[in-house]
$ cat upload27.cif   # mmCIF, C-alpha atoms (C1' of nucleotides)
data_input
#
loop_
_atom_site.label_atom_id
_atom_site.label_comp_id
_atom_site.auth_asym_id
_atom_site.auth_seq_id
_atom_site.Cartn_x
_atom_site.Cartn_y
_atom_site.Cartn_z
CA MET A 159 -49.85 -27.11 151.87
CA ILE A 160 -48.69 -30.48 150.63
CA SER A 161 -45.12 -31.00 151.81
CA PHE A 162 -45.06 -34.78 151.35
CA THR A 163 -42.29 -35.84 149.01
CA PRO A 164 -43.58 -38.69 146.89
CA ALA A 165 -41.48 -41.61 145.84
CA THR A 166 -40.11 -41.59 142.33
CA PRO A 167 -42.77 -41.50 139.63
CA PRO A 168 -44.11 -44.97 138.83
CA GLY A 169 -41.96 -46.67 136.21
CA SER A 170 -44.69 -48.77 134.70
CA GLU A 171 -48.43 -49.19 134.46
CA THR A 172 -48.18 -52.12 136.80
CA GLU A 173 -46.40 -50.09 139.43
CA LEU A 174 -48.88 -47.24 139.07
CA LEU A 175 -51.82 -49.63 139.40
CA HIS A 176 -50.23 -51.22 142.43
CA ARG A 177 -49.88 -47.85 144.14
CA ALA A 178 -53.41 -46.85 143.19
CA ALA A 179 -54.78 -50.12 144.54
CA GLN A 180 -53.49 -49.18 147.98
CA LEU A 181 -56.01 -46.35 148.03
CA ALA A 182 -59.05 -48.59 147.80
CA GLY A 183 -61.02 -48.45 151.03
CA LYS A 184 -58.82 -45.76 152.51
CA THR A 185 -60.30 -42.49 153.74
CA LEU A 186 -59.27 -38.99 152.79
CA ALA A 187 -58.03 -38.57 156.36
CA GLN A 188 -55.67 -41.52 155.89
CA LEU A 189 -54.44 -40.12 152.59
CA ALA A 190 -53.93 -36.69 154.13
CA GLN A 191 -51.85 -38.21 156.91
CA THR A 192 -49.75 -40.20 154.45
CA ILE A 193 -48.84 -37.17 152.38
CA ASP A 194 -48.60 -34.86 155.41
CA SER A 195 -51.41 -32.61 154.28
CA ASP A 196 -54.53 -31.25 155.94
CA ILE A 197 -58.15 -31.93 155.06
CA PRO A 198 -59.63 -28.62 153.93
CA SER A 199 -62.35 -27.38 156.26
CA GLN A 200 -64.42 -26.17 153.36
CA GLN A 201 -64.28 -27.97 150.05
CA ARG A 202 -65.85 -24.91 148.47
CA HIS A 203 -62.52 -23.18 148.85
CA ALA A 204 -60.41 -26.22 147.97
CA LYS A 205 -62.16 -27.75 145.01
CA GLY A 206 -59.11 -29.41 143.55
CA TRP A 207 -57.65 -30.67 146.79
CA ILE A 208 -58.54 -34.34 146.37
CA GLY A 209 -57.12 -34.50 142.86
CA THR A 210 -53.91 -32.78 143.92
CA ALA A 211 -53.57 -35.04 146.95
CA VAL A 212 -53.92 -38.19 144.86
CA GLU A 213 -51.40 -36.84 142.35
CA SER A 214 -48.98 -36.33 145.18
CA TYR A 215 -49.57 -39.80 146.59
CA LEU A 216 -49.08 -41.52 143.25
CA GLY A 217 -46.01 -39.52 142.30
CA ALA A 218 -47.49 -37.54 139.42
CA SER A 219 -45.56 -34.56 138.16
CA ALA A 220 -47.35 -31.71 139.88
CA ALA A 221 -47.47 -29.06 137.24
CA SER A 222 -50.11 -27.14 135.37
CA LYS A 223 -48.97 -28.31 132.00
CA PRO A 224 -51.13 -29.52 129.08
CA GLU A 225 -49.61 -32.99 129.41
CA PRO A 226 -50.67 -36.30 130.92
CA ASP A 227 -49.99 -36.55 134.64
CA PHE A 228 -47.54 -39.39 134.03
CA PRO A 229 -45.72 -38.27 130.87
CA GLN A 230 -43.47 -41.32 130.64
CA LEU A 231 -46.45 -43.63 130.77
CA GLY A 232 -48.81 -41.44 128.76
CA ILE A 233 -51.41 -41.80 131.50
CA GLU A 234 -53.80 -39.15 132.77
CA LEU A 235 -55.09 -39.26 136.35
CA LYS A 236 -58.71 -38.42 137.15
CA THR A 237 -60.47 -38.67 140.48
CA LEU A 238 -64.15 -39.45 139.96
CA PRO A 239 -66.67 -38.32 142.60
CA VAL A 240 -69.46 -40.87 142.85
CA ASN A 241 -72.65 -40.92 144.94
CA ARG A 242 -73.86 -43.79 147.11
CA HIS A 243 -75.21 -45.53 144.05
CA GLY A 244 -71.82 -45.42 142.40
CA ARG A 245 -72.96 -42.83 139.92
CA PRO A 246 -70.63 -39.94 138.95
CA LYS A 247 -71.78 -36.80 140.69
CA GLU A 248 -70.04 -34.33 138.44
CA SER A 249 -68.81 -33.95 134.90
CA THR A 250 -65.08 -34.45 134.35
CA TYR A 251 -62.83 -31.65 133.14
CA VAL A 252 -60.55 -32.70 130.28
CA CYS A 253 -58.66 -29.67 129.02
CA ILE A 254 -59.03 -26.11 127.82
CA VAL A 255 -60.76 -25.48 124.48
CA PRO A 256 -58.37 -24.00 121.90
CA LEU A 257 -59.84 -20.79 120.47
CA THR A 258 -56.97 -19.60 118.29
CA GLY A 259 -54.66 -21.24 115.78
CA LEU A 260 -57.36 -23.67 114.70
CA THR A 261 -56.27 -24.10 111.09
CA ASN A 262 -55.23 -27.67 110.42
CA LEU A 263 -56.09 -28.74 113.95
CA THR A 264 -57.37 -32.30 113.78
CA TRP A 265 -58.79 -34.81 116.24
CA GLU A 266 -55.64 -36.90 115.92
CA HIS A 267 -53.55 -34.03 117.19
CA SER A 268 -56.01 -32.71 119.74
CA ASN A 269 -55.27 -32.43 123.44
CA VAL A 270 -58.56 -34.16 124.17
CA ARG A 271 -57.42 -37.29 122.38
CA LYS A 272 -53.99 -37.21 123.97
CA LYS A 273 -55.43 -36.79 127.46
CA LEU A 274 -58.07 -39.47 127.10
CA ALA A 275 -55.91 -42.06 125.33
CA ARG A 276 -55.27 -43.70 128.69
CA VAL A 277 -56.79 -42.64 131.99
CA LEU A 278 -56.38 -43.91 135.53
CA TRP A 279 -59.82 -43.39 137.10
CA VAL A 280 -59.86 -43.14 140.90
CA PRO A 281 -63.44 -43.25 142.21
CA ILE A 282 -64.15 -41.60 145.55
CA GLU A 283 -67.29 -41.22 147.65
CA ALA A 284 -68.86 -37.81 147.23
CA ASP A 285 -72.14 -37.74 149.09
CA PRO A 286 -72.73 -34.35 150.73
CA GLY A 287 -73.62 -36.06 154.00
CA ILE A 288 -70.22 -37.67 154.35
CA PRO A 289 -67.52 -35.44 155.86
CA LEU A 290 -64.45 -35.10 153.66
CA ALA A 291 -62.26 -36.87 156.22
CA THR A 292 -64.26 -40.10 156.15
CA ARG A 293 -64.90 -40.35 152.43
CA ARG A 294 -63.39 -43.52 150.99
CA PHE A 295 -61.69 -44.35 147.74
CA GLY A 296 -62.98 -47.05 145.45
CA ASN A 297 -61.03 -49.35 143.14
CA ALA A 298 -58.88 -47.45 140.67
CA PHE A 299 -58.72 -48.76 137.12
CA LEU A 300 -57.12 -47.98 133.78
CA TRP A 301 -59.26 -47.11 130.81
CA SER A 302 -58.83 -46.37 127.12
CA PRO A 303 -61.77 -45.45 124.90
CA ASP A 304 -63.12 -48.34 122.83
CA VAL A 305 -63.96 -47.84 119.17
CA ALA A 306 -67.48 -46.57 119.81
CA GLN A 307 -66.42 -44.27 122.63
CA GLU A 308 -63.62 -42.75 120.58
CA MET A 309 -66.03 -42.17 117.71
CA ASP A 310 -68.44 -40.35 120.01
CA LEU A 311 -65.64 -38.23 121.44
CA ARG A 312 -64.32 -37.45 117.98
CA THR A 313 -67.75 -36.53 116.64
CA ASP A 314 -68.40 -34.14 119.52
CA TRP A 315 -64.93 -32.63 119.23
CA GLU A 316 -65.17 -32.10 115.49
CA GLU A 317 -68.65 -30.60 115.66
CA ILE A 318 -67.69 -28.17 118.39
CA MET A 319 -64.34 -27.22 116.90
CA GLU A 320 -65.83 -26.62 113.46
CA MET A 321 -68.40 -24.25 114.91
CA ILE A 322 -65.69 -22.36 116.74
CA HIS A 323 -63.56 -22.18 113.62
CA MET A 324 -66.54 -20.83 111.69
CA GLY A 325 -67.03 -18.15 114.30
CA ASP A 326 -70.14 -19.62 115.91
CA LEU A 327 -68.71 -19.93 119.41
CA SER A 328 -71.45 -17.77 120.90
CA ALA A 329 -74.02 -20.24 119.57
CA ILE A 330 -72.48 -23.14 121.46
CA ASN A 331 -73.62 -23.88 124.97
CA SER A 332 -73.16 -26.88 127.18
CA ARG A 333 -76.10 -28.67 125.54
CA PHE A 334 -73.97 -29.50 122.53
CA GLY A 335 -72.14 -32.80 122.45
CA LYS A 336 -73.37 -36.31 123.16
CA VAL A 337 -70.62 -37.42 125.53
CA MET A 338 -68.48 -34.28 125.78
CA GLN A 339 -69.54 -30.67 126.24
CA ILE A 340 -67.85 -27.30 126.55
CA ARG A 341 -68.52 -25.02 129.50
CA PRO A 342 -66.93 -21.88 130.96
CA LYS A 343 -63.57 -22.56 132.55
CA GLY A 344 -62.17 -19.53 134.27
CA MET A 345 -62.08 -17.65 137.53
CA ASN A 346 -65.50 -16.10 136.89
CA ALA A 347 -67.82 -14.73 134.21
CA ARG A 348 -65.57 -11.70 133.74
CA ALA A 349 -62.55 -13.70 132.64
CA LEU A 350 -61.74 -13.15 128.98
CA THR A 351 -59.56 -14.80 126.39
CA ARG A 352 -58.87 -14.23 122.70
CA THR A 353 -60.71 -15.99 119.89
CA GLU A 354 -59.88 -16.16 116.21
CA THR A 355 -62.05 -17.48 113.42
CA GLU A 356 -61.37 -19.04 110.05
CA THR A 357 -61.38 -15.64 108.38
CA GLY A 358 -58.98 -14.15 110.87
CA GLU A 359 -61.52 -12.17 112.83
CA SER A 360 -60.57 -11.99 116.47
CA GLY A 361 -62.42 -11.10 119.63
CA LEU A 362 -62.68 -11.76 123.33
CA THR A 363 -64.79 -14.40 125.03
CA LEU A 364 -65.07 -16.59 128.10
CA PRO A 365 -62.38 -19.26 128.31
CA ARG A 366 -64.01 -22.69 127.85
CA GLY A 367 -63.11 -26.20 128.81
CA PHE A 368 -64.02 -29.64 127.49
CA TYR A 369 -65.91 -31.75 130.02
CA LEU A 370 -67.00 -35.39 129.90
CA ARG A 371 -70.69 -35.73 130.74
CA ALA A 372 -71.49 -37.69 133.89
CA SER A 373 -73.54 -40.08 131.75
CA PHE A 374 -70.38 -40.93 129.82
CA THR A 375 -68.18 -41.55 132.85
CA HIS A 376 -71.02 -43.61 134.28
CA GLU A 377 -70.88 -45.78 131.18
CA ILE A 378 -67.13 -46.16 131.69
CA LEU A 379 -67.70 -47.33 135.25
CA GLU A 380 -70.41 -49.76 134.25
CA ARG A 381 -68.38 -51.27 131.45
CA ARG A 382 -65.50 -51.93 133.80
CA LYS A 383 -67.69 -54.16 135.90
CA ALA A 384 -68.83 -56.17 132.89
"C1'" DT B 123 -82.83 -33.69 141.06
"C1'" DA B 124 -80.15 -33.06 137.03
"C1'" DC B 125 -77.97 -29.85 134.51
"C1'" DT B 126 -75.84 -25.52 133.03
"C1'" DG B 127 -73.30 -21.64 133.83
"C1'" DA B 128 -70.26 -19.80 137.47
"C1'" DT B 129 -66.74 -20.17 140.61
"C1'" DC B 130 -62.39 -21.37 143.81
"C1'" DA B 131 -57.22 -22.39 144.57
"C1'" DT B 132 -52.63 -22.77 142.76
"C1'" DT B 133 -48.63 -22.45 139.60
"C1'" DC B 134 -46.03 -20.32 136.12
"C1'" DG C 49 -53.86 -14.79 131.50
"C1'" DA C 50 -53.57 -19.80 130.84
"C1'" DA C 51 -53.22 -24.06 132.37
"C1'" DT C 52 -53.83 -27.48 136.09
"C1'" DG C 53 -56.95 -29.61 139.98
"C1'" DA C 54 -62.16 -29.55 140.18
"C1'" DT C 55 -67.07 -28.48 142.69
"C1'" DC C 56 -70.67 -24.96 143.62
"C1'" DA C 57 -75.27 -23.29 143.29
"C1'" DG C 58 -79.31 -21.48 140.92
"C1'" DT C 59 -82.97 -22.92 138.16
"C1'" DA C 60 -85.42 -25.48 134.67
#
$ encode --input "upload27.cif" --output "structure tokens"
Amino acid sequence: MISFTPATPPGSETELLHRAAQLAGKTLAQLAQTIDSDIPSQQRHAKGWIGTAVESYLGASAASKPEPDFPQLGIELKTLPVNRHGRPKESTYVCIVPLTGLTNLTWEHSNVRKKLARVLWVPIEADPGIPLATRRFGNAFLWSPDVAQEMDLRTDWEEIMEMIHMGDLSAINSRFGKVMQIRPKGMNARALTRTETETGESGLTLPRGFYLRASFTHEILERRKA
DNA sequence: TACTGATCATTC
DNA sequence: GAATGATCAGTA
């Protein structure tokens, strides 16, 4: 796998941005060579490879912890697959949806807010016709939600979390939420996790994750250019 | 063709 | 199983 030992984690936003800027225009093959990794032959069986490779290159703490990728800087790293028109091809996973211990859980203390407070977006070409090895990175940039964006995120989060707390999880599908939705997030449709409602009733259900809609990340990209 | 629901790999 | 990194693939 990835045996490249990255330099020390970036000590500042400026340093992180400087490192990320080096990716612009580079191909996945060049990145793979730099970190001494191999391009997966089938992305179907290596869905997270690009994200992990960029983490390694930038010196992110490689761990599956519910924390930002750069804890000292409070910055989350997200690669963003875009098509030839520069439009995000996929939604963006944020974090797992909490289904237990929901009493007194507020937006201010939510993992969604913590993760999205500051994000380093790294666009990368993702047209099916382009082989993984020759796909190029775009210009990385830092983002924090503006007032309107945070309000949209908060509204979606609160609506969804209230329904879950009330025990209406089964009524929520991915059509809920203006800018952020919840969808299954597990190995398959047989994966189960515990739920607990306001009244203490518990049960088992599919694990879910929060995802940013592609329309929302598209807006983020567009606003950067303005 | 966009979107929703399903799925894949890895670490702990 | 739970969290990370995400994309796949059927269908509306």
$ resolve_selection --input "upload27.cif" --expression "the PyMOL selection byres ((chain B and resi 126-131) around 10)" --output "MDAnalysis selection string"
(chainID A and resid 201:207 331:333 341:347) or (chainID B and resid 124:125 132:133) or (chainID C and resid 53:60)
$ interface_residues --input "upload27.cif" --of "chain A" --to "chain C" --cutoff "9 Å" --atoms "all atoms listed in the file" --output "MDAnalysis selection string"
chainID A and resid 201:202 204:210 220:224 248 250:251 253:254 349:351
$ residues_around --input "upload27.cif" --residues "Lys273 of chain A" --least-positions-apart "5" --cutoff "8 Å" --atoms "only C-alpha atoms (C1' of nucleotides)" --output "PyMOL selection string"
chain A and resi 225-226+233-234+252-253
$ residues_around --input "upload27.cif" --residues "Gly335 of chain A" --least-positions-apart "5" --cutoff "8 Å" --atoms "only C-alpha atoms (C1' of nucleotides)" --output "PyMOL selection string"
chain A and resi 314-315+317-318
$ resolve_selection --input "upload27.cif" --expression "the PyMOL selection byres ((chain A and resi 216) around 8)" --output "VMD selection string"
chain A and resid 164 167 to 168 174 177 to 178 212 to 215 217 to 218
$ closest_residue --input "upload27.cif" --among "A:Ile340, A:Leu231, A:Leu260, A:Ile378" --to "chain B" --atoms "all atoms listed in the file"
A:Ile340
$ closest_residue --input "upload27.cif" --among "A:Thr375, A:Glu354, A:Gly259, A:Pro246" --to "chain B" --atoms "only C-alpha atoms (C1' of nucleotides)"
A:Pro246
$ closest_residue --input "upload27.cif" --among "A:Gly296, A:Val305, A:Arg366, A:Leu186" --to "chain B" --atoms "only C-alpha atoms (C1' of nucleotides)"
A:Arg366
$ atom_distance --input "upload27.cif" --atom1 "atom CA of Ala291 of chain A" --atom2 "atom CA of Thr172 of chain A"
28.4 Å
$ closest_residue --input "upload27.cif" --among "A:Leu175, A:Leu364, A:Leu379, A:Met324" --to "chain B" --atoms "only C-alpha atoms (C1' of nucleotides)"
A:Leu364
$ atom_distance --input "upload27.cif" --atom1 "atom CA of Thr353 of chain A" --atom2 "atom CA of Gly325 of chain A"
8.7 Å
$ atom_distance --input "upload27.cif" --atom1 "atom CA of Pro281 of chain A" --atom2 "atom CA of Phe334 of chain A"
26.2 Å
$ residues_around --input "upload27.cif" --residues "Arg371 of chain A" --least-positions-apart "6" --cutoff "7 Å" --atoms "all atoms listed in the file" --output "list in words"
Ser249, Thr250, Val337, Met338 and Gln339 of chain A
$ closest_residue --input "upload27.cif" --among "A:Lys247, A:His267, A:His323, A:Arg294" --to "chain B" --atoms "only C-alpha atoms (C1' of nucleotides)"
A:Lys247
